[in-house]
$ cat run_23.pdb   # PDB, C-alpha atoms and all ligand atoms
ATOM      1  CA  MET A  23     -17.364  -3.281   7.937
ATOM      2  CA  ILE A  24     -13.674  -3.626   7.094
ATOM      3  CA  LYS A  25     -11.389  -2.243   9.793
ATOM      4  CA  LYS A  26      -8.061  -3.927   9.171
ATOM      5  CA  CYS A  27      -5.427  -3.436   6.545
ATOM      6  CA  LEU A  28      -2.483  -5.768   6.077
ATOM      7  CA  PHE A  29       0.861  -4.509   4.808
ATOM      8  CA  PRO A  30       3.190  -7.296   3.695
ATOM      9  CA  ALA A  31       6.558  -5.623   4.240
ATOM     10  CA  ALA A  32       9.123  -8.334   4.764
ATOM     11  CA  GLY A  33      10.652  -8.280   1.257
ATOM     12  CA  TYR A  34      14.281  -7.357   0.648
ATOM     13  CA  GLY A  35      13.940  -4.646  -1.997
ATOM     14  CA  THR A  36      16.970  -5.920  -3.885
ATOM     15  CA  ARG A  37      16.320  -3.633  -6.842
ATOM     16  CA  PHE A  38      17.294  -0.694  -4.648
ATOM     17  CA  LEU A  39      20.526  -2.066  -3.231
ATOM     18  CA  PRO A  40      22.655  -0.692  -1.730
ATOM     19  CA  ALA A  41      20.015   1.780  -0.404
ATOM     20  CA  THR A  42      17.989  -1.067   1.069
ATOM     21  CA  LYS A  43      20.885  -2.929   2.657
ATOM     22  CA  SER A  44      19.925  -1.809   6.146
ATOM     23  CA  MET A  45      16.827   0.302   5.423
ATOM     24  CA  PRO A  46      13.435  -1.276   4.661
ATOM     25  CA  LYS A  47      12.359  -0.569   1.084
ATOM     26  CA  GLU A  48       9.008   0.604   2.489
ATOM     27  CA  MET A  49      10.893   3.475   4.169
ATOM     28  CA  MET A  50      12.205   4.821   0.851
ATOM     29  CA  PRO A  51      10.894   8.386   0.673
ATOM     30  CA  ILE A  52       8.774   9.727  -2.124
ATOM     31  CA  VAL A  53       9.841  13.341  -1.684
ATOM     32  CA  ASN A  54       9.664  13.608   2.134
ATOM     33  CA  LYS A  55       7.315  10.791   3.105
ATOM     34  CA  PRO A  56       8.115   7.079   3.202
ATOM     35  CA  LEU A  57       6.191   4.747   0.921
ATOM     36  CA  ILE A  58       4.568   2.928   3.827
ATOM     37  CA  GLU A  59       3.070   6.180   5.103
ATOM     38  CA  TYR A  60       1.341   6.816   1.779
ATOM     39  CA  GLY A  61      -0.134   3.335   2.089
ATOM     40  CA  VAL A  62      -1.313   3.883   5.665
ATOM     41  CA  ASP A  63      -2.823   7.242   4.630
ATOM     42  CA  GLU A  64      -4.760   5.477   1.898
ATOM     43  CA  ALA A  65      -5.968   2.781   4.302
ATOM     44  CA  LEU A  66      -7.111   5.306   6.873
ATOM     45  CA  GLN A  67      -8.930   7.354   4.235
ATOM     46  CA  SER A  68     -10.923   4.255   3.412
ATOM     47  CA  GLY A  69     -11.828   3.689   7.069
ATOM     48  CA  LEU A  70      -9.268   0.945   7.713
ATOM     49  CA  HIS A  71      -7.638   2.170  10.884
ATOM     50  CA  GLU A  72      -6.229  -1.063  12.271
ATOM     51  CA  VAL A  73      -2.869  -1.318  10.557
ATOM     52  CA  CYS A  74      -1.288  -4.775  10.558
ATOM     53  CA  ILE A  75       2.258  -4.991   9.267
ATOM     54  CA  VAL A  76       4.088  -8.185   8.342
ATOM     55  CA  THR A  77       7.728  -7.320   8.875
ATOM     56  CA  GLY A  78      10.951  -9.263   8.809
ATOM     57  CA  ARG A  79      14.526  -9.000   9.945
ATOM     58  CA  GLY A  80      16.033  -5.537   9.568
ATOM     59  CA  LYS A  81      12.660  -3.804   9.435
ATOM     60  CA  ARG A  82      12.545  -2.082  12.822
ATOM     61  CA  ALA A  83      12.538   1.359  11.208
ATOM     62  CA  LEU A  84       8.919   0.618  10.260
ATOM     63  CA  ASP A  85       7.794   0.222  13.888
ATOM     64  CA  ASP A  86       9.807   3.288  14.888
ATOM     65  CA  HIS A  87       8.238   5.416  12.186
ATOM     66  CA  PHE A  88       4.794   4.929  13.695
ATOM     67  CA  ASP A  89       5.956   5.730  17.221
ATOM     68  CA  ILE A  90       6.970   8.857  19.144
ATOM     69  CA  ASN A  91      10.516  10.201  18.744
ATOM     70  CA  TYR A  92      10.762  12.135  22.013
ATOM     71  CA  GLU A  93      14.103  13.796  21.436
ATOM     72  CA  LEU A  94      13.327  15.064  17.956
ATOM     73  CA  GLU A  95       9.804  16.147  18.835
ATOM     74  CA  HIS A  96      11.058  18.009  21.882
ATOM     75  CA  GLN A  97      13.649  19.816  19.744
ATOM     76  CA  ILE A  98      11.150  21.119  17.212
ATOM     77  CA  GLN A  99       8.322  21.760  19.656
ATOM     78  CA  GLY A 100       6.778  25.195  19.187
ATOM     79  CA  THR A 101       8.533  25.842  15.856
ATOM     80  CA  ALA A 102       7.104  25.838  12.340
ATOM     81  CA  LYS A 103       8.848  22.497  11.766
ATOM     82  CA  GLU A 104       6.270  20.815  13.997
ATOM     83  CA  GLU A 105       3.853  21.151  11.108
ATOM     84  CA  THR A 106       5.946  18.684   9.100
ATOM     85  CA  LEU A 107       4.983  15.954  11.581
ATOM     86  CA  SER A 108       1.271  16.732  11.600
ATOM     87  CA  GLY A 109       0.494  14.064   8.988
ATOM     88  CA  ILE A 110       2.225  11.233  10.781
ATOM     89  CA  ARG A 111       0.897  12.395  14.165
ATOM     90  CA  GLY A 112      -2.626  12.296  12.754
ATOM     91  CA  LEU A 113      -2.054   8.723  11.561
ATOM     92  CA  MET A 114      -0.687   7.733  14.967
ATOM     93  CA  ASP A 115      -3.728   9.236  16.707
ATOM     94  CA  GLU A 116      -6.236   7.565  14.464
ATOM     95  CA  CYS A 117      -4.679   4.165  13.770
ATOM     96  CA  THR A 118      -3.522   1.231  15.817
ATOM     97  CA  PHE A 119      -0.416  -0.616  14.669
ATOM     98  CA  SER A 120       0.395  -4.256  15.171
ATOM     99  CA  TYR A 121       3.266  -6.272  13.802
ATOM    100  CA  THR A 122       4.202  -9.836  13.152
ATOM    101  CA  ARG A 123       7.305 -11.249  11.531
ATOM    102  CA  GLN A 124       7.626 -13.403   8.462
ATOM    103  CA  ARG A 125      10.721 -15.457   9.163
ATOM    104  CA  GLU A 126      11.171 -16.970   5.716
ATOM    105  CA  MET A 127      10.469 -15.369   2.360
ATOM    106  CA  LYS A 128       8.081 -17.825   0.761
ATOM    107  CA  GLY A 129       6.023 -15.462  -1.361
ATOM    108  CA  LEU A 130       3.206 -12.940  -1.080
ATOM    109  CA  GLY A 131       0.638 -15.632  -0.289
ATOM    110  CA  HIS A 132       2.814 -16.831   2.574
ATOM    111  CA  ALA A 133       3.241 -13.247   3.835
ATOM    112  CA  ILE A 134      -0.536 -12.765   3.841
ATOM    113  CA  LEU A 135      -1.026 -16.081   5.647
ATOM    114  CA  THR A 136       1.550 -14.951   8.224
ATOM    115  CA  GLY A 137      -0.726 -11.965   8.864
ATOM    116  CA  GLU A 138      -3.652 -14.195   9.840
ATOM    117  CA  THR A 139      -2.682 -13.889  13.485
ATOM    118  CA  LEU A 140      -3.294 -10.121  13.274
ATOM    119  CA  ILE A 141      -6.383 -10.277  11.051
ATOM    120  CA  GLY A 142      -8.412 -13.164  12.472
ATOM    121  CA  ASP A 143     -11.764 -14.040  10.971
ATOM    122  CA  GLU A 144     -12.801 -10.852   9.209
ATOM    123  CA  PRO A 145     -12.484  -9.264   5.755
ATOM    124  CA  PHE A 146      -9.422  -7.064   5.319
ATOM    125  CA  GLY A 147      -7.557  -4.847   2.909
ATOM    126  CA  VAL A 148      -4.050  -5.544   1.625
ATOM    127  CA  VAL A 149      -1.701  -2.795   0.484
ATOM    128  CA  LEU A 150       1.619  -3.485  -1.205
ATOM    129  CA  ALA A 151       3.345  -0.239  -0.316
ATOM    130  CA  ASP A 152       5.653  -0.254  -3.315
ATOM    131  CA  ASP A 153       2.656   0.174  -5.588
ATOM    132  CA  LEU A 154       1.987   3.827  -4.878
ATOM    133  CA  CYS A 155      -1.537   4.877  -5.813
ATOM    134  CA  ILE A 156      -2.602   8.498  -5.926
ATOM    135  CA  ASN A 157      -5.980   9.826  -6.946
ATOM    136  CA  LEU A 158      -5.917  13.603  -6.980
ATOM    137  CA  GLU A 159      -9.519  13.716  -8.163
ATOM    138  CA  GLY A 160     -11.232  11.877  -5.326
ATOM    139  CA  ASP A 161     -11.182   8.745  -3.176
ATOM    140  CA  GLY A 162      -8.052   6.594  -3.009
ATOM    141  CA  VAL A 163      -8.030   3.171  -4.644
ATOM    142  CA  LEU A 164      -8.751   1.235  -1.450
ATOM    143  CA  ALA A 165     -11.699   3.497  -0.628
ATOM    144  CA  GLN A 166     -13.093   2.885  -4.122
ATOM    145  CA  MET A 167     -12.762  -0.857  -3.517
ATOM    146  CA  VAL A 168     -14.396  -0.706  -0.076
ATOM    147  CA  GLU A 169     -17.513   0.764  -1.722
ATOM    148  CA  PHE A 170     -17.764  -2.319  -3.945
ATOM    149  CA  TYR A 171     -17.096  -4.605  -1.004
ATOM    150  CA  LYS A 172     -20.124  -3.133   0.779
ATOM    151  CA  GLN A 173     -22.220  -4.128  -2.213
ATOM    152  CA  PHE A 174     -20.753  -7.557  -3.087
ATOM    153  CA  ARG A 175     -19.064  -8.874   0.128
ATOM    154  CA  CYS A 176     -16.390 -10.807  -1.749
ATOM    155  CA  SER A 177     -12.678 -10.570  -2.463
ATOM    156  CA  ILE A 178     -11.733  -7.771  -4.863
ATOM    157  CA  VAL A 179      -8.451  -7.100  -6.655
ATOM    158  CA  ALA A 180      -7.439  -3.797  -8.226
ATOM    159  CA  ILE A 181      -6.431  -4.017 -11.873
ATOM    160  CA  GLU A 182      -4.818  -1.867 -14.501
ATOM    161  CA  GLU A 183      -4.339  -2.403 -18.220
ATOM    162  CA  VAL A 184      -0.682  -2.969 -19.080
ATOM    163  CA  PRO A 185       1.126  -3.408 -22.410
ATOM    164  CA  ALA A 186       1.422  -7.078 -23.426
ATOM    165  CA  GLU A 187       5.202  -7.069 -22.925
ATOM    166  CA  GLU A 188       4.750  -6.060 -19.258
ATOM    167  CA  ALA A 189       2.204  -8.755 -18.349
ATOM    168  CA  HIS A 190       4.879 -11.201 -17.177
ATOM    169  CA  LYS A 191       5.564  -8.967 -14.150
ATOM    170  CA  TYR A 192       2.051  -9.284 -12.735
ATOM    171  CA  GLY A 193      -0.824 -11.460 -11.778
ATOM    172  CA  VAL A 194      -3.172 -11.225 -14.779
ATOM    173  CA  ILE A 195      -6.924 -11.815 -14.752
ATOM    174  CA  SER A 196      -9.565 -12.644 -17.278
ATOM    175  CA  GLY A 197     -13.187 -11.973 -16.579
ATOM    176  CA  GLU A 198     -16.556 -10.745 -17.634
ATOM    177  CA  MET A 199     -17.485  -7.095 -17.203
ATOM    178  CA  ILE A 200     -20.514  -6.773 -14.934
ATOM    179  CA  LYS A 201     -20.569  -2.988 -14.836
ATOM    180  CA  PRO A 202     -18.210  -0.305 -16.132
ATOM    181  CA  GLY A 203     -14.772  -0.975 -14.663
ATOM    182  CA  LEU A 204     -15.895  -4.005 -12.652
ATOM    183  CA  TYR A 205     -15.232  -7.612 -13.711
ATOM    184  CA  ARG A 206     -16.224 -10.996 -12.367
ATOM    185  CA  VAL A 207     -12.926 -12.863 -12.387
ATOM    186  CA  GLU A 208     -12.945 -16.091 -14.378
ATOM    187  CA  ASP A 209      -9.281 -16.922 -14.252
ATOM    188  CA  MET A 210      -6.016 -15.497 -13.042
ATOM    189  CA  VAL A 211      -2.406 -16.379 -13.713
ATOM    190  CA  GLU A 212       0.648 -15.275 -11.753
ATOM    191  CA  LYS A 213       3.367 -13.789 -13.952
ATOM    192  CA  PRO A 214       2.339 -15.509 -17.188
ATOM    193  CA  ALA A 215       5.024 -16.552 -19.643
ATOM    194  CA  GLU A 216       5.140 -14.694 -22.963
ATOM    195  CA  GLY A 217       1.982 -15.246 -24.950
ATOM    196  CA  GLU A 218       0.164 -16.896 -22.045
ATOM    197  CA  ALA A 219      -1.473 -13.886 -20.410
ATOM    198  CA  PRO A 220      -5.265 -14.319 -20.434
ATOM    199  CA  SER A 221      -5.704 -10.549 -20.999
ATOM    200  CA  ASN A 222      -3.881  -7.266 -20.465
ATOM    201  CA  MET A 223      -5.535  -6.657 -17.088
ATOM    202  CA  ALA A 224      -2.835  -6.812 -14.436
ATOM    203  CA  ILE A 225      -3.381  -7.013 -10.688
ATOM    204  CA  ILE A 226      -1.805  -4.155  -8.772
ATOM    205  CA  GLY A 227      -1.006  -4.107  -5.072
ATOM    206  CA  ARG A 228      -4.459  -3.464  -3.590
ATOM    207  CA  TYR A 229      -6.736  -6.268  -2.468
ATOM    208  CA  ILE A 230      -9.770  -6.768  -0.320
ATOM    209  CA  LEU A 231      -9.851 -10.345   0.898
ATOM    210  CA  THR A 232     -12.444 -12.383   2.712
ATOM    211  CA  PRO A 233     -10.989 -14.457   5.565
ATOM    212  CA  ASP A 234     -11.666 -17.846   3.925
ATOM    213  CA  ILE A 235      -8.555 -16.979   1.878
ATOM    214  CA  PHE A 236      -6.445 -18.146   4.836
ATOM    215  CA  ASP A 237      -7.716 -21.733   4.638
ATOM    216  CA  ILE A 238      -7.126 -21.706   0.891
ATOM    217  CA  LEU A 239      -3.603 -20.317   1.362
ATOM    218  CA  ARG A 240      -2.774 -23.013   3.886
ATOM    219  CA  ASP A 241      -3.347 -25.586   1.145
ATOM    220  CA  THR A 242      -1.863 -23.602  -1.742
ATOM    221  CA  ALA A 243       1.215 -25.286  -3.195
ATOM    222  CA  PRO A 244       4.202 -23.161  -4.198
ATOM    223  CA  GLY A 245       3.624 -21.751  -7.684
ATOM    224  CA  ARG A 246       5.528 -19.240  -9.824
ATOM    225  CA  ASN A 247       9.169 -18.878  -8.643
ATOM    226  CA  GLY A 248       8.568 -21.634  -6.089
ATOM    227  CA  GLU A 249       6.603 -19.196  -3.912
ATOM    228  CA  ILE A 250       3.134 -19.389  -2.381
ATOM    229  CA  GLN A 251       1.166 -16.977  -4.525
ATOM    230  CA  ILE A 252      -1.916 -15.015  -3.479
ATOM    231  CA  THR A 253      -2.951 -15.129  -7.150
ATOM    232  CA  ASP A 254      -3.195 -18.948  -6.991
ATOM    233  CA  ALA A 255      -5.310 -18.778  -3.826
ATOM    234  CA  LEU A 256      -7.601 -16.170  -5.376
ATOM    235  CA  ARG A 257      -7.931 -18.314  -8.474
ATOM    236  CA  GLU A 258      -9.282 -21.085  -6.300
ATOM    237  CA  GLN A 259     -11.560 -18.637  -4.490
ATOM    238  CA  CYS A 260     -13.015 -17.445  -7.811
ATOM    239  CA  GLN A 261     -13.678 -21.017  -8.871
ATOM    240  CA  LYS A 262     -15.650 -21.640  -5.662
ATOM    241  CA  GLY A 263     -17.432 -18.294  -5.508
ATOM    242  CA  LEU A 264     -17.246 -14.674  -6.541
ATOM    243  CA  VAL A 265     -14.037 -12.637  -6.908
ATOM    244  CA  LEU A 266     -14.157  -9.205  -8.514
ATOM    245  CA  ALA A 267     -11.534  -7.158 -10.309
ATOM    246  CA  TYR A 268     -11.827  -3.403 -10.338
ATOM    247  CA  LYS A 269     -10.219  -1.020 -12.778
ATOM    248  CA  PHE A 270      -9.498   1.783 -10.335
ATOM    249  CA  LYS A 271      -9.452   5.529 -10.848
ATOM    250  CA  GLY A 272      -6.159   7.286 -10.252
ATOM    251  CA  ALA A 273      -2.462   7.002 -10.955
ATOM    252  CA  ARG A 274      -0.280   4.075  -9.907
ATOM    253  CA  PHE A 275       3.477   3.922  -9.775
ATOM    254  CA  ASP A 276       5.591   0.799  -9.471
ATOM    255  CA  CYS A 277       7.967   2.076  -6.822
ATOM    256  CA  GLY A 278       9.616  -1.340  -6.709
ATOM    257  CA  SER A 279      11.428  -0.259  -9.886
ATOM    258  CA  ILE A 280      13.845   2.649 -10.204
ATOM    259  CA  GLU A 281      11.904   4.154 -13.146
ATOM    260  CA  GLY A 282       8.557   3.995 -11.319
ATOM    261  CA  TYR A 283      10.124   5.410  -8.195
ATOM    262  CA  ILE A 284      11.514   8.419 -10.042
ATOM    263  CA  GLU A 285       8.210   8.968 -11.838
ATOM    264  CA  ALA A 286       6.340   8.845  -8.518
ATOM    265  CA  THR A 287       8.803  11.263  -6.984
ATOM    266  CA  ASN A 288       8.327  13.800  -9.771
ATOM    267  CA  TYR A 289       4.550  13.385  -9.710
ATOM    268  CA  CYS A 290       4.279  13.818  -5.936
ATOM    269  CA  TYR A 291       6.689  16.723  -5.933
ATOM    270  CA  GLU A 292       4.635  18.573  -8.534
ATOM    271  CA  ASN A 293       1.171  17.640  -7.337
ATOM    272  CA  ILE A 294       1.425  17.213  -3.553
ATOM    273  CA  TYR A 295       4.642  18.498  -2.040
ATOM    274  CA  LYS A 296       4.658  21.923  -3.679
ATOM    275  CA  ALA A 297       1.115  22.642  -2.451
ATOM    276  CA  GLU A 298       1.859  21.427   1.096
ATOM    277  CA  SER A 299       5.226  23.132   1.455
ATOM    278  CA  LYS A 300       3.572  26.377   0.457
ATOM    279  CA  THR A 301       1.405  26.041   3.567
ATOM    280  CA  VAL A 302       4.430  25.375   5.801
ATOM    281  CA  ARG A 303       6.235  28.350   4.287
ATOM    282  CA  GLU A 304       3.191  30.538   4.937
ATOM    283  CA  ILE A 305       3.236  29.491   8.616
ATOM    284  CA  GLU A 306       6.952  30.241   8.836
ATOM    285  CA  VAL A 307       6.452  33.672   7.268
ATOM    286  CA  ASN A 308       3.622  34.365   9.715
ATOM    287  CA  GLU A 309       5.802  33.318  12.644
ATOM    288  CA  GLU A 310       8.674  35.446  11.403
ATOM    289  CA  SER A 311       6.447  38.514  11.069
ATOM    290  CA  LEU A 312       4.936  37.911  14.533
ATOM    291  CA  GLU A 313       8.437  37.666  15.999
ATOM    292  CA  ALA A 314       9.451  40.876  14.183
ATOM    293  CA  ALA A 315       6.350  42.636  15.499
ATOM    294  CA  ASP A 316       7.157  41.391  19.037
ATOM    295  CA  SER A 317      10.699  42.703  18.954
ATOM    296  CA  GLU A 318       9.546  46.078  17.624
ATOM    297  CA  ALA A 319       7.015  46.424  20.434
TER     298      ALA A 319
HETATM  299  C1  LIG B 401       2.829  -9.209  -6.577
HETATM  300  C2  LIG B 401       1.746 -10.205  -6.974
HETATM  301  C3  LIG B 401       1.292  -9.944  -8.406
HETATM  302  C4  LIG B 401       0.842  -8.512  -8.561
HETATM  303  C5  LIG B 401       1.948  -7.543  -8.090
HETATM  304  C6  LIG B 401       1.457  -6.120  -8.055
HETATM  305  O1  LIG B 401       3.973  -9.464  -7.342
HETATM  306  O2  LIG B 401       2.254 -11.512  -6.834
HETATM  307  O3  LIG B 401       0.228 -10.807  -8.738
HETATM  308  O4  LIG B 401       0.513  -8.265  -9.901
HETATM  309  O5  LIG B 401       2.387  -7.872  -6.758
HETATM  310  O6  LIG B 401       2.492  -5.235  -7.752
HETATM  311  P1  LIG B 401       5.418  -8.843  -6.979
HETATM  312  O7  LIG B 401       5.437  -7.467  -7.545
HETATM  313  O8  LIG B 401       5.529  -8.838  -5.482
HETATM  314  O9  LIG B 401       6.407  -9.746  -7.637
END

$ encode --input "run_23.pdb" --output "structure tokens" --more "lines below"
Ligand code: G1P
Amino acid sequence: MIKKCLFPAAGYGTRFLPATKSMPKEMMPIVNKPLIEYGVDEALQSGLHEVCIVTGRGKRALDDHFDINYELEHQIQGTAKEETLSGIRGLMDECTFSYTRQREMKGLGHAILTGETLIGDEPFGVVLADDLCINLEGDGVLAQMVEFYKQFRCSIVAIEEVPAEEAHKYGVISGEMIKPGLYRVEDMVEKPAEGEAPSNMAIIGRYILTPDIFDILRDTAPGRNGEIQITDALREQCQKGLVLAYKFKGARFDCGSIEGYIEATNYCYENIYKAESKTVREIEVNEESLEAADSEA
């Protein structure tokens, strides 16, 4: 089955300058956890434990995040604060991490092709970390997609309905519904000009790709914005065979924009952080009362 997940993470994040001048945009925190970690969590939950990251210059903080920080960990050892690292430690125990660098920014398709060296000849997931997806009700988006992959063994893109005036920001598909929420893609267009979107179903940053996509990408000419687009490669793949689009369950935030980032922050604070920090606080209170009991004895 699918084991690998590719994270294209070489982009500059110019919409967040100056914050992203020396810090990777994927390290921007949503409350207290960087975007990339949410993505890796989602991949692991769907059984994809080989994490492959396409980085670029100035992105070393990404490698460091998924490694041990001896000094810090030594300092907080044995205190309640250790609990705050349990999530990332769990990821580090259960995942492997490999990295390659994209030297030139030539588009998402080019970034994915750069990852071929880490992926090889097998199907894989792709997560664009700045699309944050949260499903409080059940499986994450990638896990939902993996279930369909098991059934159909073809490339699958996640889609969401967007207002017509937003379509120009996305890859947009048209297709025929084959079961509720699942479409056989007939066409797709990267960032259509006004009035040219084939539907209101926009691709969001979750993909499952079959490895023949690499050969297609190698021959894909630069498209929208002069960049090699994964949408163009998938369009060719759907003309040759089957590509599915799946209207996922859950919430998605465009954390590549300030508005989406703030929305995601508020959502995660209310729905995730408050619940988790309650647990940490309970541990601290327990520790404090144990210490008090010790000193009384
Ligand atoms: C990329 C893809 C686009 C997709 C979007 C989802 O665009 O090229 O097809 O709809 O991600 O976030 P970007 O946002 O990198 O410009």

$ closest_atom_pairs --input "run_23.pdb" --of "chain A" --to "ligand LIG 401 (chain B)" --cutoff "8 Å" --atoms "all atoms listed in the file" --output "tab-separated table"
residue	atom	partner	partner_atom	distance
A:Gly129	CA	B:LIG401	O2	7.7
A:Leu130	CA	B:LIG401	O2	6.0
A:Gly131	CA	B:LIG401	O2	7.9
A:Leu150	CA	B:LIG401	O6	6.8
A:Asp152	CA	B:LIG401	O6	7.4
A:Asp153	CA	B:LIG401	O6	5.8
A:Lys191	CA	B:LIG401	O9	6.6
A:Tyr192	CA	B:LIG401	O4	3.4
A:Gly193	CA	B:LIG401	O3	3.3
A:Val194	CA	B:LIG401	O4	6.8
A:Val211	CA	B:LIG401	O3	7.9
A:Glu212	CA	B:LIG401	O3	5.4
A:Lys213	CA	B:LIG401	O3	6.8
A:Ala224	CA	B:LIG401	O4	5.8
A:Ile225	CA	B:LIG401	O4	4.2
A:Ile226	CA	B:LIG401	C6	3.9
A:Gly227	CA	B:LIG401	C6	4.4
A:Arg228	CA	B:LIG401	C6	7.9
A:Gln251	CA	B:LIG401	O2	6.0
A:Ile252	CA	B:LIG401	O2	6.4
A:Thr253	CA	B:LIG401	O3	5.6
A:Asp276	CA	B:LIG401	O6	7.0
A:Gly278	CA	B:LIG401	O7	7.5

$ residues_around --input "run_23.pdb" --residues "Phe38 in chain A" --least-positions-apart "2" --cutoff "12 Å" --atoms "only C-alpha atoms" --output "VMD selection string"
chain A and resid 33 to 36 40 to 50 152 277 to 283

$ resolve_selection --input "run_23.pdb" --expression "the PyMOL selection byres (((chain A and resi 216) around 10) and not hetatm)" --output "PDB file with C-alpha atoms, in the coordinates of the input"
ATOM      1  CA  ALA A 186       1.422  -7.078 -23.426  1.00  0.00           C
ATOM      2  CA  GLU A 187       5.202  -7.069 -22.925  1.00  0.00           C
ATOM      3  CA  GLU A 188       4.750  -6.060 -19.258  1.00  0.00           C
ATOM      4  CA  ALA A 189       2.204  -8.755 -18.349  1.00  0.00           C
ATOM      5  CA  HIS A 190       4.879 -11.201 -17.177  1.00  0.00           C
ATOM      6  CA  LYS A 213       3.367 -13.789 -13.952  1.00  0.00           C
ATOM      7  CA  PRO A 214       2.339 -15.509 -17.188  1.00  0.00           C
ATOM      8  CA  ALA A 215       5.024 -16.552 -19.643  1.00  0.00           C
ATOM      9  CA  GLY A 217       1.982 -15.246 -24.950  1.00  0.00           C
ATOM     10  CA  GLU A 218       0.164 -16.896 -22.045  1.00  0.00           C
ATOM     11  CA  ALA A 219      -1.473 -13.886 -20.410  1.00  0.00           C
TER      12      ALA A 219
END

$ closest_residue --input "run_23.pdb" --among "A:Ala151, A:Leu84, A:Glu95, A:Pro145" --to "Phe29 in chain A" --atoms "all atoms listed in the file"
A:Ala151

$ atom_distance --input "run_23.pdb" --atom1 "CA of Ser68 in chain A" --atom2 "CA of Lys269 in chain A"
17.0 Å

$ resolve_selection --input "run_23.pdb" --expression "the PyMOL selection byres (((chain A and resi 74) around 12) and not hetatm)" --output "ChimeraX atom specification"
/A:25-31,58,61-62,65,70-73,75-77,84-85,88,117-123,133-134,136-142,146-149

$ residues_around --input "run_23.pdb" --residues "Leu107 in chain A" --least-positions-apart "5" --cutoff "12 Å" --atoms "all atoms listed in the file" --output "list in words"
Asn54, Lys55, Glu59, His87, Phe88, Asp89, Ile90, Asn91, Leu94, Glu95, Ile98, Gln99, Thr101, Ala102, Gly112, Leu113, Met114 and Val302 of chain A

$ resolve_selection --input "run_23.pdb" --expression "the PyMOL selection byres (((chain A and resi 195-197) around 7) and not hetatm)" --output "PDB file with C-alpha atoms, in the coordinates of the input"
ATOM      1  CA  GLY A 193      -0.824 -11.460 -11.778  1.00  0.00           C
ATOM      2  CA  VAL A 194      -3.172 -11.225 -14.779  1.00  0.00           C
ATOM      3  CA  GLU A 198     -16.556 -10.745 -17.634  1.00  0.00           C
ATOM      4  CA  MET A 199     -17.485  -7.095 -17.203  1.00  0.00           C
ATOM      5  CA  TYR A 205     -15.232  -7.612 -13.711  1.00  0.00           C
ATOM      6  CA  ARG A 206     -16.224 -10.996 -12.367  1.00  0.00           C
ATOM      7  CA  VAL A 207     -12.926 -12.863 -12.387  1.00  0.00           C
ATOM      8  CA  GLU A 208     -12.945 -16.091 -14.378  1.00  0.00           C
ATOM      9  CA  ASP A 209      -9.281 -16.922 -14.252  1.00  0.00           C
ATOM     10  CA  MET A 210      -6.016 -15.497 -13.042  1.00  0.00           C
ATOM     11  CA  VAL A 211      -2.406 -16.379 -13.713  1.00  0.00           C
ATOM     12  CA  PRO A 220      -5.265 -14.319 -20.434  1.00  0.00           C
ATOM     13  CA  SER A 221      -5.704 -10.549 -20.999  1.00  0.00           C
ATOM     14  CA  MET A 223      -5.535  -6.657 -17.088  1.00  0.00           C
ATOM     15  CA  ALA A 224      -2.835  -6.812 -14.436  1.00  0.00           C
TER      16      ALA A 224
END

$ atom_distance --input "run_23.pdb" --atom1 "CA of Gly203 in chain A" --atom2 "CA of Asp143 in chain A"
28.9 Å

$ atom_distance --input "run_23.pdb" --atom1 "CA of Glu116 in chain A" --atom2 "CA of Asp63 in chain A"
10.4 Å

$ closest_residue --input "run_23.pdb" --among "A:Leu264, A:Arg111, A:Gly272, A:Ile230" --to "Val168 in chain A" --atoms "all atoms listed in the file"
A:Ile230

$ decode --input "run_23.pdb" --residues "range 227-233 of chain A" --atoms "N, CA, C and O atoms" --output "PDB file, in the first residue's frame"
ATOM      1  N   GLY A 227      -4.753  21.180  -1.480  1.00  0.00           N
ATOM      2  CA  GLY A 227      -3.406  20.588  -1.424  1.00  0.00           C
ATOM      3  C   GLY A 227      -3.268  19.184  -0.868  1.00  0.00           C
ATOM      4  O   GLY A 227      -2.441  18.925   0.004  1.00  0.00           O
ATOM      5  N   ARG A 228      -4.056  18.251  -1.358  1.00  0.00           N
ATOM      6  CA  ARG A 228      -3.896  16.830  -1.012  1.00  0.00           C
ATOM      7  C   ARG A 228      -4.045  16.018  -2.288  1.00  0.00           C
ATOM      8  O   ARG A 228      -5.053  16.155  -3.007  1.00  0.00           O
ATOM      9  N   TYR A 229      -3.068  15.183  -2.557  1.00  0.00           N
ATOM     10  CA  TYR A 229      -3.084  14.368  -3.767  1.00  0.00           C
ATOM     11  C   TYR A 229      -2.621  12.968  -3.414  1.00  0.00           C
ATOM     12  O   TYR A 229      -1.789  12.790  -2.527  1.00  0.00           O
ATOM     13  N   ILE A 230      -3.130  11.994  -4.132  1.00  0.00           N
ATOM     14  CA  ILE A 230      -2.470  10.692  -4.193  1.00  0.00           C
ATOM     15  C   ILE A 230      -2.090  10.528  -5.655  1.00  0.00           C
ATOM     16  O   ILE A 230      -2.931  10.742  -6.551  1.00  0.00           O
ATOM     17  N   LEU A 231      -0.827  10.210  -5.897  1.00  0.00           N
ATOM     18  CA  LEU A 231      -0.362  10.137  -7.280  1.00  0.00           C
ATOM     19  C   LEU A 231       0.247   8.777  -7.563  1.00  0.00           C
ATOM     20  O   LEU A 231       0.934   8.208  -6.698  1.00  0.00           O
ATOM     21  N   THR A 232      -0.018   8.285  -8.755  1.00  0.00           N
ATOM     22  CA  THR A 232       0.650   7.049  -9.179  1.00  0.00           C
ATOM     23  C   THR A 232       1.974   7.457  -9.844  1.00  0.00           C
ATOM     24  O   THR A 232       2.089   8.564 -10.392  1.00  0.00           O
ATOM     25  N   PRO A 233       2.993   6.585  -9.783  1.00  0.00           N
ATOM     26  CA  PRO A 233       4.341   7.029 -10.145  1.00  0.00           C
ATOM     27  C   PRO A 233       4.544   7.343 -11.633  1.00  0.00           C
ATOM     28  O   PRO A 233       5.539   7.992 -11.972  1.00  0.00           O
TER      29      PRO A 233
END
